[in-house]
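Colleague: One file: query-v1.cif (mmCIF, C-alpha atoms).
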```
data_protein
#
loop_
_atom_site.label_atom_id
_atom_site.label_comp_id
_atom_site.auth_asym_id
_atom_site.auth_seq_id
_atom_site.Cartn_x
_atom_site.Cartn_y
_atom_site.Cartn_z
CA MET A 11 -85.21 38.48 -9.61
CA ALA A 12 -88.77 37.23 -9.80
CA ALA A 13 -87.78 33.97 -8.12
CA HIS A 14 -85.68 35.81 -5.52
CA ILE A 15 -88.47 38.21 -4.58
CA GLY A 16 -91.00 35.39 -4.55
CA LEU A 17 -88.90 33.30 -2.18
CA MET A 18 -88.39 36.31 0.12
CA ILE A 19 -92.13 36.98 0.29
CA GLN A 20 -92.77 33.30 0.95
CA ALA A 21 -90.25 33.34 3.83
CA LEU A 22 -91.81 36.55 5.21
CA GLU A 23 -95.31 35.03 5.13
CA GLU A 24 -94.13 31.77 6.72
CA ILE A 25 -92.33 33.57 9.54
CA LYS A 26 -95.43 35.67 10.18
CA GLY A 27 -97.60 32.53 10.22
CA GLY A 28 -95.19 30.58 12.43
CA SER A 29 -94.44 27.86 9.86
CA PHE A 30 -90.95 28.87 8.74
CA ASP A 31 -88.32 26.16 9.28
CA PHE A 32 -85.46 27.85 11.14
CA SER A 33 -83.43 24.61 11.19
CA ILE A 34 -81.64 25.98 8.10
CA LEU A 35 -79.96 28.54 10.39
CA LYS A 36 -77.06 26.55 11.85
CA PHE A 37 -74.82 28.32 14.39
CA PRO A 38 -71.48 26.98 15.68
CA PRO A 39 -71.69 24.78 18.80
CA GLY A 40 -72.03 26.71 22.04
CA LEU A 41 -73.99 29.59 20.50
CA GLU A 42 -77.47 28.09 20.79
CA GLU A 43 -78.69 30.89 23.08
CA LEU A 44 -77.50 33.51 20.59
CA ARG A 45 -79.24 31.66 17.74
CA ASN A 46 -82.50 31.53 19.70
CA ARG A 47 -82.24 35.23 20.47
CA VAL A 48 -81.80 36.08 16.79
CA ILE A 49 -84.75 33.92 15.78
CA SER A 50 -86.85 35.73 18.39
CA ILE A 51 -85.74 39.10 16.96
CA ILE A 52 -86.66 38.00 13.43
CA THR A 53 -90.10 36.62 14.32
CA THR A 54 -90.99 39.65 16.46
CA THR A 55 -89.77 42.12 13.83
CA VAL A 56 -91.75 40.41 11.06
CA LYS A 57 -94.93 40.78 13.12
CA ASN A 58 -94.22 44.41 14.03
CA SER A 59 -92.80 45.63 10.71
CA PHE A 60 -94.42 43.41 8.07
CA GLU A 61 -95.29 46.21 5.63
CA GLN A 62 -91.87 47.85 5.90
CA LEU A 63 -90.20 44.50 5.21
CA LEU A 64 -92.42 44.06 2.15
CA TRP A 65 -91.15 47.41 0.87
CA PHE A 66 -87.60 46.22 1.52
CA ILE A 67 -88.21 43.08 -0.53
CA TYR A 68 -89.62 45.04 -3.49
CA LEU A 69 -86.98 47.78 -3.45
CA HIS A 70 -83.74 46.33 -2.08
CA ASP A 71 -82.31 45.22 -5.45
CA ILE A 72 -83.66 48.04 -7.59
CA GLY A 73 -80.10 49.28 -8.17
CA LYS A 74 -78.77 46.00 -9.58
CA LEU A 75 -79.48 47.01 -13.18
CA ASN A 76 -76.89 49.80 -12.95
CA CYS A 77 -74.23 47.75 -11.16
CA MET A 78 -73.88 44.55 -13.16
CA MET A 79 -70.38 43.15 -13.57
CA ILE A 80 -69.55 39.82 -15.22
CA ILE A 81 -66.47 37.96 -14.01
CA ASP A 82 -64.38 35.39 -15.87
CA SER A 83 -62.45 32.40 -14.55
CA GLN A 84 -59.37 34.62 -14.11
CA LYS A 85 -61.39 37.01 -11.90
CA ASN A 86 -61.29 39.74 -14.57
CA GLN A 87 -64.37 41.97 -14.28
CA THR A 88 -66.30 43.56 -17.13
CA PRO A 89 -69.26 45.96 -16.77
CA PHE A 90 -72.44 44.47 -18.19
CA THR A 91 -75.59 46.27 -19.36
CA MET A 92 -79.04 45.26 -20.56
CA ASP A 93 -78.09 46.54 -24.03
CA ARG A 94 -75.23 44.09 -24.11
CA TRP A 95 -77.54 41.30 -22.91
CA GLN A 96 -79.88 42.15 -25.77
CA GLU A 97 -76.97 41.66 -28.17
CA TYR A 98 -76.46 38.13 -26.82
CA LEU A 99 -80.18 37.43 -27.15
CA GLN A 100 -80.14 38.61 -30.77
CA ARG A 101 -77.26 36.24 -31.51
CA THR A 102 -79.28 33.33 -30.09
CA ASN A 103 -82.71 34.24 -31.53
CA GLY A 104 -84.01 35.34 -28.15
CA ASN A 105 -83.04 32.11 -26.35
CA SER A 106 -81.82 33.23 -22.91
CA ASP A 107 -80.41 29.80 -21.99
CA ALA A 108 -78.40 29.74 -25.20
CA ALA A 109 -77.22 33.32 -24.54
CA LEU A 110 -75.97 32.23 -21.10
CA GLU A 111 -74.09 29.35 -22.72
CA VAL A 112 -72.39 31.80 -25.09
CA LEU A 113 -71.29 33.89 -22.09
CA LYS A 114 -69.92 30.78 -20.42
CA SER A 115 -68.08 29.77 -23.59
CA GLU A 116 -66.40 33.18 -23.51
CA GLY A 117 -65.05 32.35 -20.04
CA TYR A 118 -67.53 34.21 -17.87
CA THR A 119 -68.41 32.30 -14.71
CA GLN A 120 -70.38 34.66 -12.47
CA ILE A 121 -72.09 38.02 -12.12
CA SER A 122 -71.62 40.67 -9.45
CA TYR A 123 -73.74 43.68 -8.60
CA ARG A 124 -71.01 46.07 -7.54
CA ILE A 125 -68.89 48.28 -9.80
CA GLY A 126 -65.86 49.73 -8.03
CA ASN A 127 -67.18 51.55 -4.98
CA LYS A 128 -70.73 51.65 -6.36
CA ASP A 129 -72.81 48.99 -4.66
CA HIS A 130 -76.30 48.13 -5.86
CA GLY A 131 -77.79 48.89 -2.42
CA GLU A 132 -76.47 52.45 -2.42
CA GLU A 133 -77.44 52.80 -6.08
CA GLY A 134 -80.96 51.66 -5.25
CA VAL A 135 -81.31 54.41 -2.63
CA ARG A 136 -80.01 56.95 -5.14
CA ILE A 137 -82.67 55.84 -7.65
CA ILE A 138 -85.43 56.12 -5.03
CA GLN A 139 -84.22 59.56 -3.98
CA GLU A 140 -84.24 60.74 -7.62
CA PHE A 141 -88.02 60.62 -7.45
CA ALA A 142 -88.17 62.71 -4.28
CA GLN A 143 -89.49 65.72 -6.22
CA GLU A 144 -92.78 63.85 -6.43
CA GLU A 145 -94.64 64.64 -3.21
CA GLU A 146 -95.83 61.09 -2.58
CA ILE A 147 -92.32 59.63 -3.01
CA ASN A 148 -90.83 62.39 -0.87
CA ASP A 149 -93.30 61.58 1.92
CA PHE A 150 -92.39 57.90 1.59
CA ILE A 151 -88.68 58.69 1.92
CA ASN A 152 -89.26 60.91 4.95
CA ARG A 153 -91.29 58.18 6.66
CA ASN A 154 -88.80 55.42 5.85
CA GLU A 155 -85.35 56.68 6.77
CA GLN A 156 -84.43 53.32 8.30
CA LEU A 157 -85.66 51.42 5.25
CA LEU A 158 -83.34 53.40 2.98
CA LYS A 159 -80.38 52.86 5.34
CA ILE A 160 -81.03 49.13 5.30
CA ILE A 161 -81.38 48.98 1.51
CA SER A 162 -78.11 50.88 1.19
CA SER A 163 -76.23 48.48 3.49
CA HIS A 164 -78.10 45.21 3.02
CA GLU A 165 -75.16 43.36 1.40
CA VAL A 166 -72.77 44.07 4.27
CA TYR A 167 -73.30 40.52 5.57
CA PHE A 168 -71.84 39.26 2.29
CA GLN A 169 -69.25 41.93 1.48
CA ILE A 170 -67.83 42.40 4.99
CA PHE A 171 -68.82 39.53 7.25
CA ASN A 172 -68.27 36.55 4.97
CA GLN A 173 -64.65 36.64 6.15
CA SER A 174 -64.99 38.53 9.44
CA SER A 175 -66.83 38.42 12.72
CA SER A 176 -65.06 41.29 14.48
CA ALA A 177 -66.87 43.84 16.59
CA ARG A 178 -64.93 46.62 14.85
CA ASN A 179 -66.61 45.84 11.54
CA PHE A 180 -70.00 45.71 13.23
CA GLU A 181 -69.39 49.08 14.83
CA LYS A 182 -68.12 50.66 11.60
CA HIS A 183 -70.67 49.29 9.13
CA ILE A 184 -73.81 49.11 11.27
CA ILE A 185 -73.63 50.96 14.61
CA GLU A 186 -71.98 54.12 13.25
CA LYS A 187 -74.59 54.33 10.47
CA GLY A 188 -77.42 54.39 13.00
CA ILE A 189 -79.13 51.33 11.53
CA ASP A 190 -82.06 49.70 13.35
CA ILE A 191 -80.45 46.38 14.23
CA ASN A 192 -83.63 44.31 14.56
CA LEU A 193 -84.99 45.47 11.21
CA PHE A 194 -81.58 45.09 9.57
CA PHE A 195 -81.06 41.53 10.81
CA THR A 196 -84.53 40.54 9.63
CA ALA A 197 -84.11 42.13 6.21
CA CYS A 198 -80.74 40.42 5.70
CA PHE A 199 -82.17 37.09 6.83
CA LEU A 200 -85.00 37.38 4.29
CA ASP A 201 -82.53 38.29 1.54
CA ILE A 202 -80.51 35.14 2.23
CA ALA A 203 -83.58 32.93 2.65
CA GLY A 204 -84.62 34.06 -0.83
CA SER A 205 -81.21 33.27 -2.36
CA LEU A 206 -80.47 29.64 -3.25
CA ASN A 207 -77.16 28.19 -4.43
CA SER A 208 -76.73 25.44 -7.03
CA GLU A 209 -77.71 22.89 -4.39
CA GLY A 210 -80.94 24.73 -3.59
CA LEU A 211 -79.63 25.95 -0.19
CA SER A 212 -79.27 29.36 1.44
CA ASP A 213 -75.77 30.28 2.63
CA PHE A 214 -75.98 31.98 6.04
CA THR A 215 -72.20 32.15 6.63
CA GLY A 216 -71.93 35.93 6.43
CA PHE A 217 -75.15 36.43 8.39
CA ILE A 218 -73.97 34.20 11.25
CA ASN A 219 -70.59 35.96 11.34
CA MET A 220 -72.44 39.29 11.51
CA ILE A 221 -74.50 38.07 14.46
CA ILE A 222 -71.35 36.84 16.23
CA ALA A 223 -69.76 40.26 15.59
CA TRP A 224 -72.86 41.87 17.13
CA GLU A 225 -72.59 39.66 20.22
CA CYS A 226 -68.89 40.51 20.53
CA TYR A 227 -69.74 44.20 20.25
CA MET A 228 -72.43 43.95 22.93
CA ILE A 229 -70.15 42.05 25.33
CA ILE A 230 -67.37 44.61 24.86
CA ASP A 231 -69.75 47.54 25.29
CA GLU A 232 -71.22 46.08 28.48
CA PHE A 233 -67.73 45.48 29.89
CA LEU A 234 -66.57 49.02 29.07
CA GLN A 235 -69.71 50.50 30.65
CA SER A 236 -68.93 48.61 33.87
CA LEU A 237 -65.36 49.90 34.13
CA GLN A 238 -64.41 52.61 36.58
CA ALA A 239 -61.88 54.22 34.26
CA ASP A 240 -61.40 57.37 32.19
CA GLU A 241 -62.15 57.46 28.45
CA VAL A 242 -58.49 57.11 27.47
CA LYS A 243 -58.14 53.93 29.51
CA LYS A 244 -61.42 52.56 28.16
CA GLN A 245 -60.27 53.20 24.59
CA GLN A 246 -57.01 51.35 25.26
CA ILE A 247 -58.95 48.37 26.57
CA LYS A 248 -61.43 48.55 23.69
CA ASP A 249 -58.54 48.41 21.21
CA GLN A 250 -57.46 45.10 22.75
CA LEU A 251 -60.92 43.59 22.22
CA ILE A 252 -62.51 45.11 19.14
CA ASN A 253 -60.68 43.07 16.47
CA LEU A 254 -61.12 39.64 18.06
CA GLY A 255 -63.15 37.26 15.92
CA SER A 256 -65.19 35.13 18.28
CA VAL A 257 -67.31 35.40 21.41
CA GLU A 258 -64.97 32.99 23.18
CA ALA A 259 -61.89 35.08 22.31
CA VAL A 260 -63.57 38.28 23.56
CA ARG A 261 -64.66 36.68 26.84
CA ARG A 262 -61.21 35.18 27.35
CA LYS A 263 -59.46 38.50 26.76
CA ILE A 264 -61.86 40.31 29.08
CA GLN A 265 -61.05 37.79 31.79
CA GLU A 266 -57.34 38.37 31.20
CA ILE A 267 -57.84 42.12 31.53
CA LYS A 268 -59.84 41.64 34.74
CA ASN A 269 -57.10 39.37 36.10
CA GLU A 270 -54.41 41.93 35.29
CA GLU A 271 -56.36 44.67 37.04
CA ARG A 272 -56.79 42.48 40.13
CA LEU A 273 -53.10 41.51 40.17
CA LYS A 274 -52.00 45.14 40.20
CA LYS A 275 -53.87 45.69 43.48
CA ILE A 276 -52.84 42.50 45.27
CA LYS A 277 -50.85 42.79 48.49
CA LEU A 278 -48.44 39.94 49.19
CA ASN A 279 -48.62 38.15 52.55
CA LYS A 280 -45.88 36.16 54.29
CA GLN A 281 -46.95 32.88 52.67
CA ASP A 282 -46.90 34.50 49.23
CA ILE A 283 -43.40 35.83 49.81
CA ASP A 284 -42.14 32.43 51.02
CA GLU A 285 -43.58 30.69 47.96
CA ILE A 286 -42.22 33.28 45.54
CA VAL A 287 -38.73 33.06 47.04
CA LYS A 288 -38.94 29.28 46.81
CA GLU A 289 -39.95 29.50 43.14
CA ALA A 290 -37.09 31.92 42.47
CA LYS A 291 -34.57 29.47 43.92
CA VAL A 292 -36.06 26.41 42.20
CA ASN A 293 -35.88 28.19 38.85
CA ARG A 294 -32.34 29.40 39.63
CA ILE A 295 -33.29 33.04 39.31
CA ILE A 296 -31.63 33.85 42.64
CA THR A 297 -28.92 32.25 44.73
CA GLU A 298 -29.13 31.45 48.45
CA GLU A 299 -27.10 34.57 49.14
CA GLU A 300 -29.62 36.75 47.27
CA GLU A 301 -32.67 35.44 49.11
CA GLU A 302 -32.79 38.21 51.71
CA GLN A 303 -32.49 40.92 49.07
CA LEU A 304 -35.50 39.47 47.21
CA ARG A 305 -37.48 39.14 50.44
CA GLU A 306 -36.86 42.78 51.23
CA ILE A 307 -38.10 43.92 47.82
CA LEU A 308 -41.22 41.74 48.08
CA GLN A 309 -41.88 43.01 51.60
CA ASN A 310 -41.56 46.62 50.48
CA SER A 311 -44.10 45.99 47.68
CA ILE A 312 -46.82 45.72 50.34
CA HIS A 313 -46.75 49.51 50.76
CA GLU A 314 -47.12 50.19 47.01
CA GLU A 315 -50.36 50.73 45.09
CA ASN A 316 -49.36 48.71 42.01
CA LEU A 317 -47.47 45.49 42.74
CA PHE A 318 -46.13 44.83 39.24
CA ALA A 319 -45.23 48.42 38.48
CA PHE A 320 -43.15 48.37 41.68
CA LEU A 321 -41.52 45.01 40.86
CA GLY A 322 -40.73 46.16 37.32
CA LYS A 323 -38.90 49.12 38.78
CA GLU A 324 -37.19 47.50 41.78
CA LEU A 325 -36.16 44.02 40.61
CA PRO A 326 -32.65 43.81 39.12
CA PRO A 327 -32.66 43.06 35.36
CA LYS A 328 -31.47 39.48 35.89
CA TRP A 329 -34.51 38.86 38.14
CA LYS A 330 -37.11 40.26 35.72
CA ARG A 331 -38.06 36.76 34.52
CA LEU A 332 -39.46 36.22 38.01
CA ILE A 333 -42.38 38.56 37.20
CA PRO A 334 -44.36 36.12 35.00
CA LEU A 335 -43.79 33.41 37.63
CA ILE A 336 -45.26 35.69 40.29
CA ARG A 337 -48.22 36.46 38.02
CA ASP A 338 -48.88 32.75 37.43
CA TYR A 339 -48.57 31.98 41.14
CA LEU A 340 -51.05 34.70 42.10
CA LEU A 341 -53.55 33.68 39.41
CA LYS A 342 -53.48 30.10 40.64
CA ASN A 343 -54.13 31.24 44.18
#
```
Represent the structure of the file as C-alpha cells.
Modeller:
Amino acid sequence: MAAHIGLMIQALEEIKGGSFDFSILKFPPGLEELRNRVISIITTTVKNSFEQLLWFIYLHDIGKLNCMMIIDSQKNQTPFTMDRWQEYLQRTNGNSDAALEVLKSEGYTQISYRIGNKDHGEEGVRIIQEFAQEEEINDFINRNEQLLKIISSHEVYFQIFNQSSSARNFEKHIIEKGIDINLFFTACFLDIAGSLNSEGLSDFTGFINMIIAWECYMIIDEFLQSLQADEVKKQQIKDQLINLGSVEAVRRKIQEIKNEERLKKIKLNKQDIDEIVKEAKVNRIITEEEEEQLREILQNSIHEENLFAFLGKELPPKWKRLIPLIRDYLLKN
C-alpha cells in the first residue's frame, strides 16, 4: 500500500508539473483523438482538483483491510484477515517474505479485495461515514459527495470494463450514479498508474475500455437528441445501440438506422422502377408475364408514406425476396 500510494502521488505531481509520460496510455488505432481528449481531461482535472485527488489517493483503499480474499490455483476463495496474517508471521519468525512463500506452498496464488458483493471501495465509504458523528468528519463528507462516490466505484474499470466497452455498462455504473466523469477518469487513471504488474507496467486495459464505452455513450446520446421521434421510438433505437462494444460498431449501426429511415421515405421514379423490374427478372423472382403486375405495385407505392411497409403488404409472398434487392439498389443510388 505504501508503494501504491507513493506511486499515485508521484504520478499526480508529475501530471501537475507537466512531466508525466503519457506514452504508457496506448489506445487502439484510430482512436488518437479520443486518447488526446482524455489526456486533456486528466491534466486539466489535476490542476483544478489537486487537493481532492490527494484525498482520493489517501482514502480510496481504506476498505481493503475488511475485504481481503486469497485465491488458490483452482480459483477457490478464502477470506483473509490481519489476524490470520499474524499467524503466518509467527510461524516464520516475523519474516514476511517467508510467510508469503508458505501461502504459495499452500496453493494460494493471488489476493482480491472483494468479498461477495462487498467491494473495498464501498467498504471504504462505509468506514468514512462511520466517523460522521464527529463534526469535522461530517463537514468533510458533506463537502466531498463526489469524492465518496468515486471511492465507492473506483474499481469499476477493473471489475466491469476489463471485459466490456458497452455504453450500457457506462450508463449503469457511472452515469446513473451521478459521478463527475472528469474527476472519476482522473482518479482511476492515477490508481492504475500507481499499480505495477510483475513486469513493472501499469495495465490500462479496463480504463481504455471504459473510455471507449464513454465515447459510445456520448455518440448514442447525441444521435438520440437529434432525432425527431417520440420517447418510445428513441428507446427502441437506443436498445439497438447501447450494447455494442466499439465506437466503429456504434457509428456503423447509426448509419444503418439513418439509411433505413431515409429508405422508408423514398419515392420511386420511372428509372428506379425499370431497374427494379430488371433485377426481379434477372434474379428470376418474376416471369415476363408478371412484369406488369410488379410495375403496377411499384407505381402505386409512390402515393404511400412508407415504401417498404407498403411493399411488405402488397408484394405476393413469392416476391418478398425482392425487398432486400430493392433496399440494396436504393442504398447504392
Colleague: Nearest to Ile252 in chain A among A:Tyr227, A:Phe318, A:Phe30, A:Phe217, with distances taken over only C-alpha atoms: which residue is it?
Modeller: A:Tyr227
Colleague: Listed atoms of range 115-128 of chain A, axis-aligned box, 3 Å per side: centre and edge lengths to one decimal in Å, as lines of an AutoDock Vina configuration file?
Modeller:
```
center_x = -69.4
center_y = 40.7
center_z = -14.3
size_x = 14.7
size_y = 27.9
size_z = 24.6
```
Colleague: Report as a ChimeraX atom specification the full result of the PyMOL selection byres ((chain A and resi 134) around 10) when it is applied to this structure.
Modeller: /A:69-77,129-133,135-140,158,161-162
Colleague: I'd like the contact shell of range 253-256 of chain A - 9 Å cut-off, only C-alpha atoms, skipping same-chain residues fewer than 4 positions apart - returned as a PyMOL selection string.
Modeller: chain A and resi 174-179+219+222-223+225-226+249+260-261+263
Colleague: What does the PyMOL selection byres ((chain A and resi 186-202) around 8) select in this file, as a short mmCIF file (atom, residue, chain, number, x, y, z; two decimals) with C-alpha atoms, in the frame of the given file?
Modeller:
```cif
data_model
loop_
_atom_site.label_atom_id
_atom_site.label_comp_id
_atom_site.auth_asym_id
_atom_site.auth_seq_id
_atom_site.Cartn_x
_atom_site.Cartn_y
_atom_site.Cartn_z
CA MET A 18 -88.39 36.31 0.12
CA ALA A 21 -90.25 33.34 3.83
CA LEU A 22 -91.81 36.55 5.21
CA ILE A 51 -85.74 39.10 16.96
CA ILE A 52 -86.66 38.00 13.43
CA THR A 55 -89.77 42.12 13.83
CA VAL A 56 -91.75 40.41 11.06
CA SER A 59 -92.80 45.63 10.71
CA LEU A 63 -90.20 44.50 5.21
CA PHE A 66 -87.60 46.22 1.52
CA ILE A 67 -88.21 43.08 -0.53
CA GLN A 156 -84.43 53.32 8.30
CA LYS A 159 -80.38 52.86 5.34
CA ILE A 160 -81.03 49.13 5.30
CA HIS A 164 -78.10 45.21 3.02
CA GLU A 165 -75.16 43.36 1.40
CA TYR A 167 -73.30 40.52 5.57
CA GLU A 181 -69.39 49.08 14.83
CA LYS A 182 -68.12 50.66 11.60
CA HIS A 183 -70.67 49.29 9.13
CA ILE A 184 -73.81 49.11 11.27
CA ILE A 185 -73.63 50.96 14.61
CA ALA A 203 -83.58 32.93 2.65
CA GLY A 204 -84.62 34.06 -0.83
CA SER A 205 -81.21 33.27 -2.36
CA LEU A 206 -80.47 29.64 -3.25
CA SER A 212 -79.27 29.36 1.44
CA ASP A 213 -75.77 30.28 2.63
CA PHE A 214 -75.98 31.98 6.04
CA PHE A 217 -75.15 36.43 8.39
#
```
Colleague: My list of candidates is A:Phe141, A:Gln100, A:Asn105, A:Gln87. Which is closest to Ile121 in chain A when distances are computed with all atoms listed in the file?
Modeller: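 Going through A:Phe141, A:Gln100, A:Asn105, A:Gln87 one by one, the smallest distance to Ile121 in chain A is for A:Gln87.
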Colleague: Between A:Pro38, A:Gly216, A:Pro89, A:Gly104, which is the closest to Ile125 in chain A once you count all atoms listed in the file?
Modeller: A:Pro89
Colleague: Which residue, A:Ile264, A:Leu340, A:Ile276, A:Ile34, has the smallest gap to Glu315 in chain A when you use all atoms listed in the file?
Modeller: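 Among the listed residues, A:Ile276 lies closest to Glu315 in chain A.
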Colleague: Can you tell me which residues surround Arg101 in chain A at a distance of at most 12 Å, considering all atoms listed in the file, apart from same-chain residues fewer than 5 positions away, and format the answer as a PyMOL selection string?
Modeller: chain A and resi 94-96+106-113
Colleague: Can you tell me which residues surround Asp282 in chain A at a distance of at most 12 Å, considering all atoms listed in the file, apart from same-chain residues fewer than 3 positions away, and format the answer as a PDB file with C-alpha atoms, in the frame of the given file?
Modeller:
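Now in out25.pdb:
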```pdb
ATOM      1  CA  ILE A 276     -52.840  42.500  45.270  1.00  0.00           C
ATOM      2  CA  LYS A 277     -50.850  42.790  48.490  1.00  0.00           C
ATOM      3  CA  LEU A 278     -48.440  39.940  49.190  1.00  0.00           C
ATOM      4  CA  ASN A 279     -48.620  38.150  52.550  1.00  0.00           C
ATOM      5  CA  GLU A 285     -43.580  30.690  47.960  1.00  0.00           C
ATOM      6  CA  ILE A 286     -42.220  33.280  45.540  1.00  0.00           C
ATOM      7  CA  VAL A 287     -38.730  33.060  47.040  1.00  0.00           C
ATOM      8  CA  LYS A 288     -38.940  29.280  46.810  1.00  0.00           C
ATOM      9  CA  GLU A 289     -39.950  29.500  43.140  1.00  0.00           C
ATOM     10  CA  ARG A 305     -37.480  39.140  50.440  1.00  0.00           C
ATOM     11  CA  LEU A 308     -41.220  41.740  48.080  1.00  0.00           C
ATOM     12  CA  GLN A 309     -41.880  43.010  51.600  1.00  0.00           C
ATOM     13  CA  SER A 311     -44.100  45.990  47.680  1.00  0.00           C
ATOM     14  CA  ILE A 312     -46.820  45.720  50.340  1.00  0.00           C
ATOM     15  CA  ILE A 336     -45.260  35.690  40.290  1.00  0.00           C
ATOM     16  CA  ARG A 337     -48.220  36.460  38.020  1.00  0.00           C
ATOM     17  CA  TYR A 339     -48.570  31.980  41.140  1.00  0.00           C
ATOM     18  CA  LEU A 340     -51.050  34.700  42.100  1.00  0.00           C
ATOM     19  CA  LEU A 341     -53.550  33.680  39.410  1.00  0.00           C
ATOM     20  CA  LYS A 342     -53.480  30.100  40.640  1.00  0.00           C
ATOM     21  CA  ASN A 343     -54.130  31.240  44.180  1.00  0.00           C
TER      22      ASN A 343
END
```
Colleague: Can you measure CA of Pro334 in chain A to CA of Gly322 in chain A for me? One decimal in Å is fine.
Modeller: 10.9 Å
Colleague: Quick one: distance from CA of Ile283 in chain A to CA of Ile295 in chain A in Å, one decimal?
Modeller: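 CA of Ile295 in chain A lies at a distance of 14.8 Å from CA of Ile283 in chain A.
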Colleague: A:Lys323, A:Ile15, A:Ile221, A:Glu116: which is nearest Ile49 in chain A, counting only C-alpha atoms?
Modeller: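 Among the listed residues, A:Ile221 lies closest to Ile49 in chain A.
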Colleague: Rank nothing, just name the residue among A:Glu301, A:Thr88, A:Ile218, A:Glu23 nearest to Leu44 in chain A, using all atoms listed in the file.
Modeller: A:Ile218
Colleague: Can you work out the spacing between CA of Arg124 in chain A and CA of Lys85 in chain A in Å, to one decimal?
Modeller: 13.9 Å
Colleague: For range 302-316 of chain A, supply N, CA and C atoms and format the output as a tab-separated table (two decimals), keeping the file's coordinate frame.
Modeller:
```tsv
chain	number	residue	atom	x	y	z
A	302	GLU	N	-32.35	37.13	50.83
A	302	GLU	CA	-32.79	38.21	51.71
A	302	GLU	C	-33.07	39.50	50.93
A	303	GLN	N	-32.27	39.72	49.90
A	303	GLN	CA	-32.49	40.92	49.07
A	303	GLN	C	-33.85	40.85	48.38
A	304	LEU	N	-34.20	39.65	47.87
A	304	LEU	CA	-35.50	39.47	47.21
A	304	LEU	C	-36.63	39.63	48.23
A	305	ARG	N	-36.44	39.04	49.41
A	305	ARG	CA	-37.48	39.14	50.44
A	305	ARG	C	-37.75	40.61	50.80
A	306	GLU	N	-36.70	41.38	50.87
A	306	GLU	CA	-36.86	42.78	51.23
A	306	GLU	C	-37.67	43.54	50.17
A	307	ILE	N	-37.35	43.26	48.90
A	307	ILE	CA	-38.10	43.92	47.82
A	307	ILE	C	-39.57	43.53	47.87
A	308	LEU	N	-39.84	42.23	48.04
A	308	LEU	CA	-41.22	41.74	48.08
A	308	LEU	C	-41.96	42.32	49.28
A	309	GLN	N	-41.27	42.44	50.40
A	309	GLN	CA	-41.88	43.01	51.60
A	309	GLN	C	-42.22	44.48	51.40
A	310	ASN	N	-41.33	45.19	50.72
A	310	ASN	CA	-41.56	46.62	50.48
A	310	ASN	C	-42.73	46.85	49.51
A	311	SER	N	-43.01	45.84	48.66
A	311	SER	CA	-44.10	45.99	47.68
A	311	SER	C	-45.46	46.14	48.36
A	312	ILE	N	-45.56	45.67	49.61
A	312	ILE	CA	-46.82	45.72	50.34
A	312	ILE	C	-47.32	47.16	50.50
A	313	HIS	N	-46.40	48.10	50.53
A	313	HIS	CA	-46.75	49.51	50.76
A	313	HIS	C	-47.04	50.24	49.44
A	314	GLU	N	-46.93	49.55	48.31
A	314	GLU	CA	-47.12	50.19	47.01
A	314	GLU	C	-48.52	49.93	46.47
A	315	GLU	N	-49.01	50.86	45.66
A	315	GLU	CA	-50.36	50.73	45.09
A	315	GLU	C	-50.42	49.69	43.99
A	316	ASN	N	-49.38	49.62	43.15
A	316	ASN	CA	-49.36	48.71	42.01
A	316	ASN	C	-48.18	47.75	42.15
```
